[in-house]
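Colleague: Provided herewith: start.txt, compact mmCIF, C-alpha atoms.
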# COMPACT_ATOMS: atom_id res chain seq x y z
CA MET A 699 -239.12 37.87 -13.62
CA LYS A 700 -240.69 38.07 -17.08
CA ALA A 701 -239.75 40.55 -19.78
CA LYS A 702 -243.07 42.41 -19.60
CA ASP A 703 -242.65 42.83 -15.84
CA PHE A 704 -239.19 44.33 -16.37
CA ALA A 705 -240.57 46.96 -18.73
CA ARG A 706 -243.19 47.93 -16.18
CA LEU A 707 -241.05 47.92 -13.06
CA SER A 708 -237.91 49.52 -14.45
CA ALA A 709 -239.68 52.58 -15.82
CA VAL A 710 -238.29 55.72 -14.24
CA SER A 711 -239.50 59.28 -13.83
CA LEU A 712 -236.80 61.21 -15.64
CA ARG A 713 -238.00 64.59 -14.48
CA ARG A 714 -238.93 63.81 -10.90
CA ILE A 715 -239.15 66.88 -8.71
CA LYS A 716 -237.53 65.50 -5.57
CA PRO A 717 -233.94 64.29 -5.67
CA PRO A 718 -233.44 60.55 -5.05
CA ARG A 719 -232.11 59.12 -1.78
CA LEU A 720 -230.17 55.89 -1.43
CA ARG A 721 -232.33 54.60 1.42
CA ASP A 722 -235.41 54.77 -0.83
CA VAL A 723 -233.96 52.48 -3.50
CA ASP A 724 -235.36 48.94 -3.66
CA LEU A 725 -232.38 46.67 -4.36
CA SER A 726 -234.42 43.47 -4.72
CA PRO A 727 -235.33 43.44 -8.46
CA LYS A 728 -233.89 40.53 -10.43
CA LEU A 729 -234.18 39.38 -14.01
CA GLY A 730 -233.92 35.81 -15.30
CA LYS A 731 -231.70 34.79 -18.21
CA HIS A 732 -234.52 34.25 -20.71
CA ALA A 733 -236.27 37.51 -19.88
CA TYR A 734 -232.92 39.29 -20.08
CA LYS A 735 -232.29 38.00 -23.60
CA ARG A 736 -235.78 38.93 -24.84
CA CYS A 737 -235.60 42.44 -23.41
CA LYS A 738 -232.04 42.92 -24.65
CA ASP A 739 -232.98 42.04 -28.21
CA GLU A 740 -236.01 44.33 -28.14
CA LEU A 741 -234.06 47.30 -26.79
CA LYS A 742 -231.22 46.97 -29.28
CA SER A 743 -233.16 48.00 -32.39
CA HIS A 744 -234.84 50.90 -30.58
CA LEU A 745 -231.51 52.20 -29.25
CA VAL A 746 -229.90 52.06 -32.68
CA ALA A 747 -232.81 53.91 -34.31
CA ALA A 748 -232.91 56.60 -31.62
CA GLN A 749 -229.14 57.11 -31.72
CA LEU A 750 -229.17 57.53 -35.50
CA GLU A 751 -231.92 60.14 -35.24
CA LEU A 752 -229.98 61.99 -32.54
CA LYS A 753 -227.00 62.05 -34.88
CA GLU A 754 -229.09 63.35 -37.78
CA ARG A 755 -230.56 66.12 -35.65
CA GLY A 756 -227.16 67.09 -34.25
CA LEU A 757 -227.91 66.56 -30.57
CA PRO A 758 -224.82 66.14 -28.37
CA VAL A 759 -225.24 63.62 -25.55
CA MET A 760 -223.32 63.25 -22.28
CA ILE A 761 -223.97 60.09 -20.26
CA VAL A 762 -222.48 60.13 -16.76
CA PHE A 763 -222.00 56.94 -14.78
CA GLU A 764 -221.36 57.08 -11.05
CA GLY A 765 -221.80 54.36 -8.45
CA TRP A 766 -220.15 52.26 -5.80
CA ASP A 767 -216.94 50.37 -6.56
CA ALA A 768 -217.90 47.03 -8.20
CA ALA A 769 -221.42 48.28 -8.94
CA GLY A 770 -221.05 47.24 -12.57
CA LYS A 771 -220.42 50.55 -14.32
CA GLY A 772 -217.96 49.09 -16.83
CA GLY A 773 -220.21 46.19 -17.76
CA ALA A 774 -223.26 48.43 -18.13
CA ILE A 775 -221.33 50.87 -20.32
CA HIS A 776 -219.96 48.10 -22.53
CA ARG A 777 -223.40 46.62 -23.11
CA LEU A 778 -224.85 50.04 -23.83
CA VAL A 779 -222.35 51.31 -26.37
CA ASN A 780 -222.00 48.05 -28.29
CA LYS A 781 -225.54 48.64 -29.50
CA VAL A 782 -224.88 51.95 -31.28
CA ASP A 783 -222.75 53.19 -34.16
CA PRO A 784 -219.13 52.95 -32.90
CA ARG A 785 -218.20 56.04 -34.91
CA SER A 786 -220.61 58.18 -32.91
CA TYR A 787 -219.40 57.77 -29.31
CA ILE A 788 -216.36 57.91 -27.07
CA VAL A 789 -215.98 56.47 -23.57
CA HIS A 790 -213.94 58.48 -21.07
CA PRO A 791 -212.65 56.37 -18.15
CA VAL A 792 -211.99 59.06 -15.54
CA SER A 793 -209.08 58.56 -13.16
CA ALA A 794 -206.77 60.86 -11.20
CA PRO A 795 -205.98 64.09 -13.08
CA THR A 796 -202.67 64.52 -14.89
CA GLN A 797 -200.30 67.31 -13.92
CA GLU A 798 -201.53 69.38 -16.86
CA GLU A 799 -205.12 68.92 -15.66
CA LYS A 800 -204.13 69.86 -12.11
CA ASP A 801 -202.75 73.13 -13.48
CA HIS A 802 -206.29 74.12 -14.54
CA HIS A 803 -209.69 74.34 -12.92
CA TYR A 804 -210.94 70.79 -12.24
CA LEU A 805 -213.75 71.15 -14.80
CA TRP A 806 -211.30 72.06 -17.57
CA ARG A 807 -210.68 68.47 -18.61
CA PHE A 808 -214.42 67.81 -18.81
CA TRP A 809 -215.09 70.90 -20.92
CA ARG A 810 -212.53 69.53 -23.36
CA ALA A 811 -214.31 66.17 -23.41
CA ALA A 812 -217.75 67.62 -24.22
CA PRO A 813 -219.09 65.94 -27.39
CA GLY A 814 -219.70 67.63 -30.71
CA ARG A 815 -223.08 67.85 -32.41
CA GLY A 816 -224.62 64.45 -32.94
CA ARG A 817 -222.01 62.62 -30.88
CA ILE A 818 -222.13 60.81 -27.53
CA ALA A 819 -219.62 61.07 -24.70
CA VAL A 820 -219.85 58.45 -21.94
CA PHE A 821 -218.09 59.13 -18.65
CA ASP A 822 -217.05 56.22 -16.43
CA ARG A 823 -216.95 58.42 -13.35
CA SER A 824 -216.96 62.16 -13.84
CA TRP A 825 -216.69 65.68 -12.45
CA TYR A 826 -218.67 64.42 -9.46
CA GLY A 827 -215.44 63.05 -8.07
CA ARG A 828 -214.92 66.52 -6.59
CA VAL A 829 -217.86 66.06 -4.19
CA LEU A 830 -217.35 62.31 -3.64
CA VAL A 831 -213.87 60.76 -3.51
CA GLU A 832 -212.03 64.09 -3.39
CA ARG A 833 -214.25 65.21 -0.53
CA ILE A 834 -214.00 62.00 1.49
CA GLU A 835 -210.32 61.30 0.88
CA GLY A 836 -209.23 64.90 1.46
CA PHE A 837 -207.99 65.58 -2.09
CA ALA A 838 -210.12 68.75 -2.17
CA THR A 839 -210.30 71.34 0.56
CA HIS A 840 -213.56 72.02 2.40
CA GLY A 841 -214.03 75.22 0.43
CA GLU A 842 -213.29 73.54 -2.90
CA TRP A 843 -215.84 70.77 -2.62
CA LYS A 844 -218.44 73.02 -0.99
CA ARG A 845 -218.46 75.46 -3.90
CA ALA A 846 -218.30 72.62 -6.44
CA TYR A 847 -222.07 72.02 -6.29
CA ALA A 848 -222.79 75.46 -7.75
CA GLU A 849 -219.92 75.12 -10.24
CA ILE A 850 -221.24 71.77 -11.46
CA ASN A 851 -224.81 73.05 -11.78
CA ASP A 852 -223.56 76.03 -13.81
CA PHE A 853 -221.43 73.72 -15.98
CA GLU A 854 -224.36 71.43 -16.74
CA ARG A 855 -226.78 74.33 -17.23
CA LEU A 856 -224.53 75.93 -19.86
CA LEU A 857 -224.18 72.63 -21.70
CA ALA A 858 -227.94 72.05 -21.60
CA LEU A 859 -228.67 75.57 -22.84
CA ASP A 860 -226.34 74.86 -25.75
CA GLY A 861 -228.42 71.83 -26.65
CA SER A 862 -226.70 68.96 -24.85
CA LEU A 863 -228.68 66.06 -23.43
CA ILE A 864 -227.20 65.16 -20.03
CA ILE A 865 -228.03 61.74 -18.56
CA LYS A 866 -226.73 61.06 -15.04
CA ILE A 867 -226.93 57.48 -13.79
CA PHE A 868 -225.94 56.17 -10.36
CA LEU A 869 -225.64 52.39 -9.90
CA HIS A 870 -226.51 51.42 -6.34
CA ILE A 871 -225.59 48.15 -4.62
CA SER A 872 -225.64 47.05 -0.99
CA LYS A 873 -222.53 46.88 1.16
CA ASP A 874 -222.90 43.09 1.41
CA GLU A 875 -223.16 42.72 -2.36
CA GLN A 876 -220.04 44.84 -2.82
CA LYS A 877 -218.13 42.56 -0.43
CA ARG A 878 -219.23 39.48 -2.38
CA ARG A 879 -218.07 41.02 -5.65
CA PHE A 880 -214.75 42.11 -4.15
CA ASP A 881 -214.11 38.58 -2.90
CA ARG A 882 -214.99 37.03 -6.26
CA ARG A 883 -212.73 39.45 -8.08
CA SER A 884 -209.82 38.81 -5.74
CA ALA A 885 -210.15 35.05 -6.26
CA ASP A 886 -210.34 35.29 -10.07
CA PRO A 887 -206.90 35.50 -11.78
CA LEU A 888 -208.51 37.27 -14.74
CA LYS A 889 -210.10 39.96 -12.57
CA SER A 890 -207.83 40.30 -9.53
CA TRP A 891 -205.94 43.14 -11.25
CA LYS A 892 -209.00 45.32 -10.59
CA MET A 893 -208.54 45.02 -6.82
CA ASN A 894 -206.18 46.53 -4.28
CA GLN A 895 -206.15 47.03 -0.53
CA GLU A 896 -207.52 50.54 -0.94
CA ASP A 897 -210.80 49.09 -2.23
CA TYR A 898 -211.31 47.19 1.03
CA ARG A 899 -210.09 50.13 3.11
CA ASN A 900 -212.68 52.43 1.52
CA ARG A 901 -215.45 50.13 2.75
CA ARG A 902 -214.79 51.45 6.25
CA LYS A 903 -215.98 54.84 4.98
CA TRP A 904 -219.25 53.53 3.57
CA GLY A 905 -221.33 55.78 5.82
CA ALA A 906 -219.35 58.89 4.85
CA TYR A 907 -219.79 58.06 1.18
CA GLU A 908 -223.52 57.49 1.64
CA ALA A 909 -223.86 60.95 3.16
CA ALA A 910 -221.81 62.51 0.36
CA ILE A 911 -223.84 60.74 -2.32
CA ASP A 912 -227.17 61.84 -0.86
CA GLU A 913 -225.91 65.43 -0.60
CA MET A 914 -224.75 65.23 -4.21
CA PHE A 915 -228.26 64.14 -5.24
CA ALA A 916 -229.89 66.86 -3.15
CA ARG A 917 -227.74 69.66 -4.53
CA THR A 918 -227.22 68.68 -8.18
CA HIS A 919 -230.54 67.05 -9.13
CA THR A 920 -231.83 69.67 -11.58
CA ARG A 921 -234.46 69.93 -14.29
CA GLN A 922 -231.86 69.92 -17.04
CA ALA A 923 -229.75 67.15 -15.49
CA PRO A 924 -231.67 64.94 -13.04
CA TRP A 925 -230.14 61.97 -11.26
CA ILE A 926 -231.45 58.49 -12.07
CA VAL A 927 -230.59 55.79 -9.51
CA ILE A 928 -230.65 52.19 -10.71
CA ALA A 929 -230.74 49.16 -8.42
CA ALA A 930 -227.68 47.11 -9.39
CA ASN A 931 -227.52 44.14 -6.98
CA ASP A 932 -228.62 42.06 -9.96
CA LYS A 933 -226.37 42.75 -12.96
CA ARG A 934 -228.84 41.66 -15.61
CA TRP A 935 -231.51 43.93 -14.19
CA ALA A 936 -229.11 46.87 -13.94
CA ARG A 937 -227.74 46.52 -17.46
CA LEU A 938 -231.17 46.49 -19.07
CA ALA A 939 -232.43 49.27 -16.79
CA VAL A 940 -229.50 51.41 -17.97
CA GLN A 941 -230.35 50.76 -21.61
CA GLN A 942 -234.05 51.44 -21.11
CA THR A 943 -233.28 54.63 -19.17
CA VAL A 944 -230.97 55.91 -21.90
CA LEU A 945 -233.50 55.04 -24.60
CA GLN A 946 -236.23 56.86 -22.70
CA CYS A 947 -234.01 59.93 -22.40
CA PHE A 948 -233.19 59.78 -26.13
CA VAL A 949 -236.86 59.60 -27.07
CA GLN A 950 -237.83 62.49 -24.79
CA ALA A 951 -235.01 64.65 -26.16
CA LEU A 952 -236.04 63.93 -29.74
CA GLN A 953 -239.67 64.75 -28.96
CA ALA A 954 -238.60 68.05 -27.39
CA LYS A 955 -236.43 68.82 -30.42
CA LYS A 956 -239.35 68.26 -32.77
CA ARG A 957 -241.55 70.60 -30.73
CA SER A 958 -238.98 73.40 -30.68
Could you rewrite the structure in this file as structure tokens?
Modeller:
Amino acid sequence: MKAKDFARLSAVSLRRIKPPRLRDVDLSPKLGKHAYKRCKDELKSHLVAAQLELKERGLPVMIVFEGWDAAGKGGAIHRLVNKVDPRSYIVHPVSAPTQEEKDHHYLWRFWRAAPGRGRIAVFDRSWYGRVLVERIEGFATHGEWKRAYAEINDFERLLALDGSLIIKIFLHISKDEQKRRFDRRSADPLKSWKMNQEDYRNRRKWGAYEAAIDEMFARTHTRQAPWIVIAANDKRWARLAVQQTVLQCFVQALQAKKRS
């Protein structure tokens, strides 16, 4: 696919009224090496300029990455943040809570990680674990994950009212593509550390996770924090789509700031 076709096809509606659904996502888009390089170089200068203006205007930014295991969240994040001022962002890799975090409400650790004015916080997984892995694996009670949708919407609404830009990205891959990536990782001595038997075991719950993800979209896709689903079967396509999506969100936020 050519660079100009990528720009046309990867454009997203960032304020779509209806929440996305996994079954509606076209996973076929691919991007060739030469088109990838051209688009990457074009996006870099625009991202740097937009990020510097966000910093000058004091807009805090929260970028949330969710997605299937092996969907490419880490690679997409790395290629996004290496294009902006390293002094302006922090990446939070979210794992199981510490004992101190367990002693507080589950959103406490994310409140503490909210960025200051003009800074960017990137979350490699997030507070949505309450309605995904914690729901499916039984780490949260039925009542806890049921009420979490309203708690999360309130959390994001308060941040947005205070001026934060919230960008929520979900990287979607097929079950077959995940299996291929798992097998490649397991066979690679430099990447096998990423894998364990639990990763394969969780594949048996694919249907339960699909249902939880679609419910998450349906109940937390809001005007101030909409979900953006990116097809990620092709890594080059996904990485550039992430960068273009973030740039588009930056530009819209800056335009809104100028109008206010």
Colleague: What gap, in Å, lies between CA of Gly765 (chain A) and CA of Leu945 (chain A)?
Modeller: 20.0 Å
Colleague: Please tabulate, as a Markdown table, the residues of region 777-827 of chain A that come within 12 Å of region 717-740 of chain A, each with its closest pair of atoms and the distance in Å to one decimal, counting only C-alpha atoms and ordering rows by chain, then residue number upward.
Modeller:
| residue | atom | partner | partner_atom | distance |
| --- | --- | --- | --- | --- |
| A:Arg777 | CA | A:Lys738 | CA | 9.5 |
| A:Leu778 | CA | A:Lys738 | CA | 10.2 |
| A:Asn780 | CA | A:Lys738 | CA | 11.8 |
| A:Lys781 | CA | A:Lys738 | CA | 9.9 |
Colleague: Mind pulling up the distance from CA of His803 (chain A) to CA of Asp852 (chain A)?
Modeller: 14.0 Å
Colleague: Just checking: using all atoms listed in the file, which residue out of A:Ile715, A:Met893, A:Ile865, A:Ala923 ends up closest to Gln946 (chain A)?
Modeller: A:Ile865
Colleague: List the residues sitting within 8 Å of (-224.6, 50.3, -15.2) in the file's frame, using all atoms listed in the file, as a list in words.
Modeller: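 Checked against the point, the hits come out as Phe763, Ala769, Gly770, Lys771, Gly772, Gly773, Ala774, Ile775, Ile867, Phe868, Leu869, Ile928, Ala930, Ala936, Arg937 and Val940 of chain A.
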Colleague: Could you check how far CA of Pro924 (chain A) sits from CA of Leu752 (chain A), in Å to one decimal?
Modeller: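 Atom-to-atom, CA of Pro924 (chain A) to CA of Leu752 (chain A), that is 19.8 Å.
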Colleague: Identify which of the residues A:Arg901, A:Arg921, A:Lys800, A:Arg879 lies closest to Glu854 (chain A), counting only C-alpha atoms when measuring atom-to-atom distances.
Modeller: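 The shortest atom-to-atom distance to Glu854 (chain A) comes from A:Arg921.
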Colleague: Between A:Val782, A:Leu830, A:Ala929, A:Ile850, single out the one closest to Arg917 (chain A), counting only C-alpha atoms.
Modeller: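 Closest residue, counting only C-alpha atoms: A:Ile850.
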Colleague: Find the residues near Pro813 (chain A): any atom within 8 Å, counting all atoms listed in the file, skip ones fewer than 4 places away on the same chain, and give them as a PyMOL selection string.
Modeller: chain A and resi 758-760+817-819
Colleague: Tell me which protein, DNA and RNA residues are within 9 Å of Gly756 (chain A), counting only C-alpha atoms, leaving out same-chain ones fewer than 5 positions away, and put them as an NGL selection string.
Modeller: :A and (751 or 814-817)
Colleague: Could you check which of A:His790, A:Arg807, A:His744, A:Lys933 is closest to Glu875 (chain A), using only C-alpha atoms?
Modeller: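 The shortest atom-to-atom distance to Glu875 (chain A) comes from A:Lys933.
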Colleague: Just checking: using only C-alpha atoms, which residue out of A:Asn900, A:Ser862, A:Ser743, A:Thr796 ends up closest to Ile761 (chain A)?
Modeller: A:Ser862
Colleague: So, with all atoms listed in the file as the atoms that count, which of A:Leu938, A:Val789, A:Ile834, A:Ala768 lies closest to Asp881 (chain A)?
Modeller: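 Going through A:Leu938, A:Val789, A:Ile834, A:Ala768 one by one, the smallest distance to Asp881 (chain A) is for A:Ala768.
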Colleague: Since the input is missing atoms for region 799-812 of chain A, could you rebuild it with N, CA and C atoms and give the result as a PDB file, keeping the file's coordinate frame?
Modeller:
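Result written to part.pdb:
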ATOM      1  N   GLU A 799    -203.746  68.683 -16.096  1.00  0.00           N
ATOM      2  CA  GLU A 799    -205.120  68.920 -15.660  1.00  0.00           C
ATOM      3  C   GLU A 799    -205.152  69.571 -14.286  1.00  0.00           C
ATOM      4  N   LYS A 800    -204.202  69.227 -13.430  1.00  0.00           N
ATOM      5  CA  LYS A 800    -204.130  69.860 -12.110  1.00  0.00           C
ATOM      6  C   LYS A 800    -203.787  71.335 -12.204  1.00  0.00           C
ATOM      7  N   ASP A 801    -203.130  71.732 -13.290  1.00  0.00           N
ATOM      8  CA  ASP A 801    -202.750  73.130 -13.480  1.00  0.00           C
ATOM      9  C   ASP A 801    -203.924  74.003 -13.903  1.00  0.00           C
ATOM     10  N   HIS A 802    -205.078  73.390 -14.143  1.00  0.00           N
ATOM     11  CA  HIS A 802    -206.290  74.120 -14.540  1.00  0.00           C
ATOM     12  C   HIS A 802    -207.401  73.864 -13.533  1.00  0.00           C
ATOM     13  N   HIS A 803    -208.490  74.600 -13.705  1.00  0.00           N
ATOM     14  CA  HIS A 803    -209.690  74.340 -12.920  1.00  0.00           C
ATOM     15  C   HIS A 803    -210.111  72.889 -13.159  1.00  0.00           C
ATOM     16  N   TYR A 804    -210.661  72.228 -12.130  1.00  0.00           N
ATOM     17  CA  TYR A 804    -210.940  70.790 -12.240  1.00  0.00           C
ATOM     18  C   TYR A 804    -211.942  70.450 -13.334  1.00  0.00           C
ATOM     19  N   LEU A 805    -212.784  71.420 -13.736  1.00  0.00           N
ATOM     20  CA  LEU A 805    -213.750  71.150 -14.800  1.00  0.00           C
ATOM     21  C   LEU A 805    -213.146  71.301 -16.197  1.00  0.00           C
ATOM     22  N   TRP A 806    -211.921  71.809 -16.274  1.00  0.00           N
ATOM     23  CA  TRP A 806    -211.300  72.060 -17.570  1.00  0.00           C
ATOM     24  C   TRP A 806    -211.235  70.807 -18.422  1.00  0.00           C
ATOM     25  N   ARG A 807    -210.827  69.692 -17.818  1.00  0.00           N
ATOM     26  CA  ARG A 807    -210.680  68.470 -18.610  1.00  0.00           C
ATOM     27  C   ARG A 807    -212.024  67.932 -19.099  1.00  0.00           C
ATOM     28  N   PHE A 808    -213.098  68.277 -18.389  1.00  0.00           N
ATOM     29  CA  PHE A 808    -214.420  67.810 -18.810  1.00  0.00           C
ATOM     30  C   PHE A 808    -215.013  68.716 -19.885  1.00  0.00           C
ATOM     31  N   TRP A 809    -214.696  70.011 -19.823  1.00  0.00           N
ATOM     32  CA  TRP A 809    -215.090  70.900 -20.920  1.00  0.00           C
ATOM     33  C   TRP A 809    -214.485  70.395 -22.225  1.00  0.00           C
ATOM     34  N   ARG A 810    -213.231  69.994 -22.163  1.00  0.00           N
ATOM     35  CA  ARG A 810    -212.530  69.530 -23.360  1.00  0.00           C
ATOM     36  C   ARG A 810    -213.121  68.231 -23.902  1.00  0.00           C
ATOM     37  N   ALA A 811    -213.753  67.464 -23.014  1.00  0.00           N
ATOM     38  CA  ALA A 811    -214.310  66.170 -23.410  1.00  0.00           C
ATOM     39  C   ALA A 811    -215.772  66.265 -23.847  1.00  0.00           C
ATOM     40  N   ALA A 812    -216.348  67.462 -23.813  1.00  0.00           N
ATOM     41  CA  ALA A 812    -217.750  67.620 -24.220  1.00  0.00           C
ATOM     42  C   ALA A 812    -217.901  67.206 -25.689  1.00  0.00           C
TER      43      ALA A 812
END
